[in-house]
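The next block holds one structure in the form of structure tokens; read it before the comments.
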Amino acid sequence: MKKYFKKIIIITAACILFLTHSAYGQLFPVLGEQRAGISTAQFLKIGVGARATGMGESYIAVANDPSALYWNPAGLTQYDNNQVYFAHSEWLVDVKHSFLGASYRLDQSNVIGFSVIALYMDDMPVTTETMPFGTGEYFSYTDLAFGLTYARRMTDQFSFGLTLRYMNSSLDKLSMNGFMFDLGTYYWTGLGTSRFAVTVSNFGGQISPSGEVTLLDGSNRDSWQEFALPTVFRVGFAMEPYMTEVHKVTTTIQLNHPNDNAENLGFGLEYGWNNTVNLRGGYKINVDEETFSAGIGVAIPLTFAAINVDYSFARWGNLGDVHRISMNLGF
């Protein structure tokens, strides 16, 4: 028993040292904060689900509900029933963010899923340099992404998942479309409940807007620059250092490497009581605004289904606070 716990401590310490060093030392030293602003479709980087965001978005090695459709498609194999998931947040500057996902188990090894991500706002008045109080016209802004996911459990320890996603962004007369995919893996080490996960999200080619606008001088423009997608590479590790029939403590650490900013490191903690109430906290290192987050979740067992309702709060510094709520229905 002592030898078993010694192995867990050594692996955990090694993961923490490696990920912490990577976050500060940069895996790619020549590519850091100077990359900011080089990609488009930033709504694809907004975290989904109150449970995940309450744990500091350090979640790819946990991901055992349909929010895995966003975080790690391989996570769909980590539960046995069919589930429907909805999440909503009042995002910054009066913008709203919603997510809908569903998963269906084909058999013990294969799972499919579908997801929709939406970022939207109320119509805004059109203003110009000569008419700063409005022209009487209004414009809208909407981001949408639709994903199809397939996940397979290859062995008792290893699973993988793949998501094909189509996105559309529209701003007044302009629109932008593109295809991308997510790839995720999930591996149980065999030492207690420790597991690793690796994901690549939003991988695809460059995209550019389409449409024509009339400039203030009366000329038209219909040619636009191409931009990269917001690809993110993540490595995560999670385990339960303490677990009984009543109490359960989950800890997780995750390294995030985006293609359009510096690397950052996230830590997450979840305490569960009697599989009913869960308290969560998270913290991020090497980010500009969002650092601390917290949340709570409640499981409501019913005769025909199981419902989980979660809430999270994230502090965004000068930008304000973000509140999220999500609900998961399993049947």
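Ordered as shown in the structure tokens, chains take letters A, B, and onward, while each chain numbers its residues from 1 and ligands are numbered from 1 in the order shown.
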Rows by chain and residue number, region 192-269 of chain A within 10 Å of region 290-304 of chain A, shortest pair, only C-alpha atoms, as a tab-separated table:
```
residue	atom	partner	partner_atom	distance
A:Gly266	CA	A:Thr291	CA	8.8
A:Phe267	CA	A:Phe292	CA	9.8
A:Gly268	CA	A:Ser293	CA	9.2
A:Leu269	CA	A:Ala294	CA	9.3
```
So that I can check the surroundings of region 207-219 of chain A, please list as a PDB file with C-alpha atoms, in the first residue's frame every protein, DNA and RNA residue that reaches within 7 Å of it, counting only C-alpha atoms and ignoring chain neighbours fewer than 4 positions away.
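Here's the written file result-v2.pdb:
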```pdb
ATOM      1  CA  LYS A 173     -23.479  42.270 -44.227  1.00  0.00           C
ATOM      2  CA  LEU A 174     -20.392  40.111 -43.692  1.00  0.00           C
ATOM      3  CA  SER A 175     -20.225  36.403 -42.914  1.00  0.00           C
ATOM      4  CA  MET A 176     -17.457  33.874 -42.396  1.00  0.00           C
ATOM      5  CA  GLY A 178     -15.197  27.296 -41.958  1.00  0.00           C
ATOM      6  CA  TRP A 224     -10.780  40.597 -46.962  1.00  0.00           C
ATOM      7  CA  GLN A 225      -7.774  39.183 -45.152  1.00  0.00           C
ATOM      8  CA  GLU A 226      -7.559  35.521 -44.170  1.00  0.00           C
ATOM      9  CA  PHE A 227      -7.197  34.516 -40.531  1.00  0.00           C
ATOM     10  CA  ALA A 228      -6.201  31.353 -38.695  1.00  0.00           C
TER      11      ALA A 228
END
```
Under the rule of at most 7 Å, produce a per-residue listing of region 103-187 of chain A near region 51-71 of chain A: chain, number, name, the closest pair of atoms, and the distance in Å, as JSON lines, using only C-alpha atoms.
```
{"residue": "A:Ser103", "atom": "CA", "partner": "A:Pro66", "partner_atom": "CA", "distance": 6.4}
{"residue": "A:Ser115", "atom": "CA", "partner": "A:Leu69", "partner_atom": "CA", "distance": 6.7}
{"residue": "A:Thr149", "atom": "CA", "partner": "A:Leu69", "partner_atom": "CA", "distance": 6.9}
{"residue": "A:Tyr186", "atom": "CA", "partner": "A:Ala61", "partner_atom": "CA", "distance": 6.9}
```
> Which of region 22-262 of chain A counts as strand (DSSP E or B) under DSSP, as JSON, numbers by chain please?
Replying inline: {"A": [39, 83, 84, 85, 86, 87, 88, 89, 90, 96, 97, 98, 99, 100, 101, 102, 103, 104, 105, 110, 111, 112, 113, 114, 115, 116, 117, 118, 119, 120, 124, 125, 138, 139, 141, 142, 143, 144, 145, 146, 147, 148, 149, 150, 151, 152, 153, 158, 159, 160, 161, 162, 163, 164, 165, 166, 167, 168, 169, 170, 171, 174, 175, 176, 177, 178, 179, 180, 181, 182, 183, 184, 185, 186, 187, 188, 195, 196, 197, 198, 199, 200, 201, 202, 203, 207, 210, 213, 214, 220, 221, 227, 228, 232, 233, 234, 235, 236, 237, 238, 239, 240, 241, 242, 243, 247, 248, 249, 250, 251, 252, 253, 254, 255, 256, 257, 258]}
> Using the chain letters and numbers from this document, which residues of region 33-235 of chain A does DSSP assign to alpha helix (DSSP H), as a list in words?
Replying inline: Ala50, Arg51, Ala52, Thr53, Gly54, Ala68, Leu69, Tyr70 and Trp71 of chain A
> For the atom pair CA of Trp273 (chain A) and CA of Arg105 (chain A), what is the interatomic distance in Å to one decimal place?
Replying inline: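 Taking CA of Trp273 (chain A) as the start and CA of Arg105 (chain A) as the end point, the length is 27.9 Å.
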>> List the spatial neighbours of Gly317 (chain A) as number ranges by chain - criterion: any atom at most 7 Å away, only C-alpha atoms, same-chain residues fewer than 2 positions off excluded.
In response: A: 289-290, 315, 319-320
Just-selected residues, C-alpha atoms written as a PDB file, in the first residue's frame:
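Done, and the output landed in selection.pdb:
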```
ATOM      1  CA  GLU A 289      -7.961  38.818 -16.651  1.00  0.00           C
ATOM      2  CA  GLU A 290      -9.756  35.593 -15.737  1.00  0.00           C
ATOM      3  CA  ARG A 315     -13.785  36.768 -11.933  1.00  0.00           C
ATOM      4  CA  LEU A 319     -14.067  43.286 -17.447  1.00  0.00           C
ATOM      5  CA  GLY A 320     -16.485  42.249 -14.708  1.00  0.00           C
TER       6      GLY A 320
END
```
When you look at Glu137 (chain A) with a cut-off of 12 Å (counting only C-alpha atoms), what residues show up, excluding the ones that are within fewer than 6 positions of it in the same chain? I need them as a PDB file with N, CA and C atoms, in the first residue's frame.
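Dumped to part.pdb:
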```
ATOM      1  N   ASP A 123     -29.884  43.269 -31.298  1.00  0.00           N
ATOM      2  CA  ASP A 123     -29.528  44.149 -32.412  1.00  0.00           C
ATOM      3  C   ASP A 123     -29.047  45.503 -31.888  1.00  0.00           C
ATOM      4  N   MET A 124     -28.041  46.075 -32.567  1.00  0.00           N
ATOM      5  CA  MET A 124     -27.473  47.358 -32.167  1.00  0.00           C
ATOM      6  C   MET A 124     -27.694  48.400 -33.258  1.00  0.00           C
ATOM      7  N   PRO A 125     -27.844  49.668 -32.893  1.00  0.00           N
ATOM      8  CA  PRO A 125     -28.052  50.715 -33.907  1.00  0.00           C
ATOM      9  C   PRO A 125     -26.784  50.962 -34.715  1.00  0.00           C
ATOM     10  N   VAL A 126     -26.946  51.242 -35.983  1.00  0.00           N
ATOM     11  CA  VAL A 126     -25.830  51.591 -36.872  1.00  0.00           C
ATOM     12  C   VAL A 126     -25.467  53.052 -36.645  1.00  0.00           C
ATOM     13  N   THR A 127     -24.188  53.306 -36.374  1.00  0.00           N
ATOM     14  CA  THR A 127     -23.703  54.678 -36.231  1.00  0.00           C
ATOM     15  C   THR A 127     -22.558  54.920 -37.212  1.00  0.00           C
ATOM     16  N   THR A 128     -22.382  56.140 -37.634  1.00  0.00           N
ATOM     17  CA  THR A 128     -21.296  56.520 -38.525  1.00  0.00           C
ATOM     18  C   THR A 128     -20.610  57.760 -37.951  1.00  0.00           C
ATOM     19  N   MET A 131     -23.102  60.447 -38.297  1.00  0.00           N
ATOM     20  CA  MET A 131     -24.358  60.232 -37.567  1.00  0.00           C
ATOM     21  C   MET A 131     -24.068  59.387 -36.328  1.00  0.00           C
ATOM     22  N   ASP A 172     -23.494  41.999 -39.535  1.00  0.00           N
ATOM     23  CA  ASP A 172     -24.183  42.855 -40.496  1.00  0.00           C
ATOM     24  C   ASP A 172     -24.167  42.196 -41.877  1.00  0.00           C
TER      25      ASP A 172
END
```
>> Can you measure CA of Pro258 (chain A) to CA of Met327 (chain A) for me? One decimal in Å is fine.
In response: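 These two atoms are separated by 28.2 Å.
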>> What's around region 154-158 of chain A at 10 Å? Count only C-alpha atoms, leave out sequence neighbours fewer than 2 positions away in its own chain, and write the answer as a list in words.
In response: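 Contacts, in chain order: Ala74, Thr77, Ser109, Asn110, Ala151, Arg152, Phe160, Thr185, Tyr186, Tyr187, Trp188, Thr189, Gly190, Arg195, Phe196 and Ala197 of chain A.
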> Which neighbours of Tyr85 (chain A) fall inside 7 Å, counting only C-alpha atoms, when residues of the same chain fewer than 2 positions from it are skipped, and could you give them as an MDAnalysis selection string?
Replying inline: chainID A and resid 66 83 87 100:102 327:329
Selection from above, N, CA and C atoms, as a compact mmCIF listing (two decimals), in the first residue's frame, can you write it?
```txt
# COMPACT_ATOMS: atom_id res chain seq x y z
N PRO A 66 -21.72 15.42 -21.19
CA PRO A 66 -21.73 15.87 -22.59
C PRO A 66 -21.00 17.17 -22.88
N GLN A 83 -27.26 11.17 -22.69
CA GLN A 83 -27.42 12.42 -21.95
C GLN A 83 -27.68 13.59 -22.89
N ALA A 87 -26.13 24.60 -21.48
CA ALA A 87 -25.39 25.56 -20.67
C ALA A 87 -25.61 26.96 -21.22
N LEU A 100 -25.59 23.61 -26.47
CA LEU A 100 -26.51 22.48 -26.41
C LEU A 100 -25.80 21.26 -26.95
N GLY A 101 -25.84 20.17 -26.17
CA GLY A 101 -25.18 18.95 -26.62
C GLY A 101 -25.97 17.72 -26.23
N ALA A 102 -25.79 16.66 -26.98
CA ALA A 102 -26.45 15.39 -26.71
C ALA A 102 -25.54 14.25 -27.14
N MET A 327 -27.26 22.46 -17.13
CA MET A 327 -28.10 21.35 -16.68
C MET A 327 -27.82 20.13 -17.56
N ASN A 328 -27.69 18.99 -16.90
CA ASN A 328 -27.41 17.74 -17.58
C ASN A 328 -28.50 16.73 -17.25
N LEU A 329 -29.09 16.14 -18.27
CA LEU A 329 -30.14 15.14 -18.09
C LEU A 329 -29.66 13.81 -18.64
```
> Please, what distance in Å, to one decimal, runs between CA of Leu148 (chain A) and CA of Trp91 (chain A)?
Replying inline: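 Here the two named atoms are 25.0 Å from each other.
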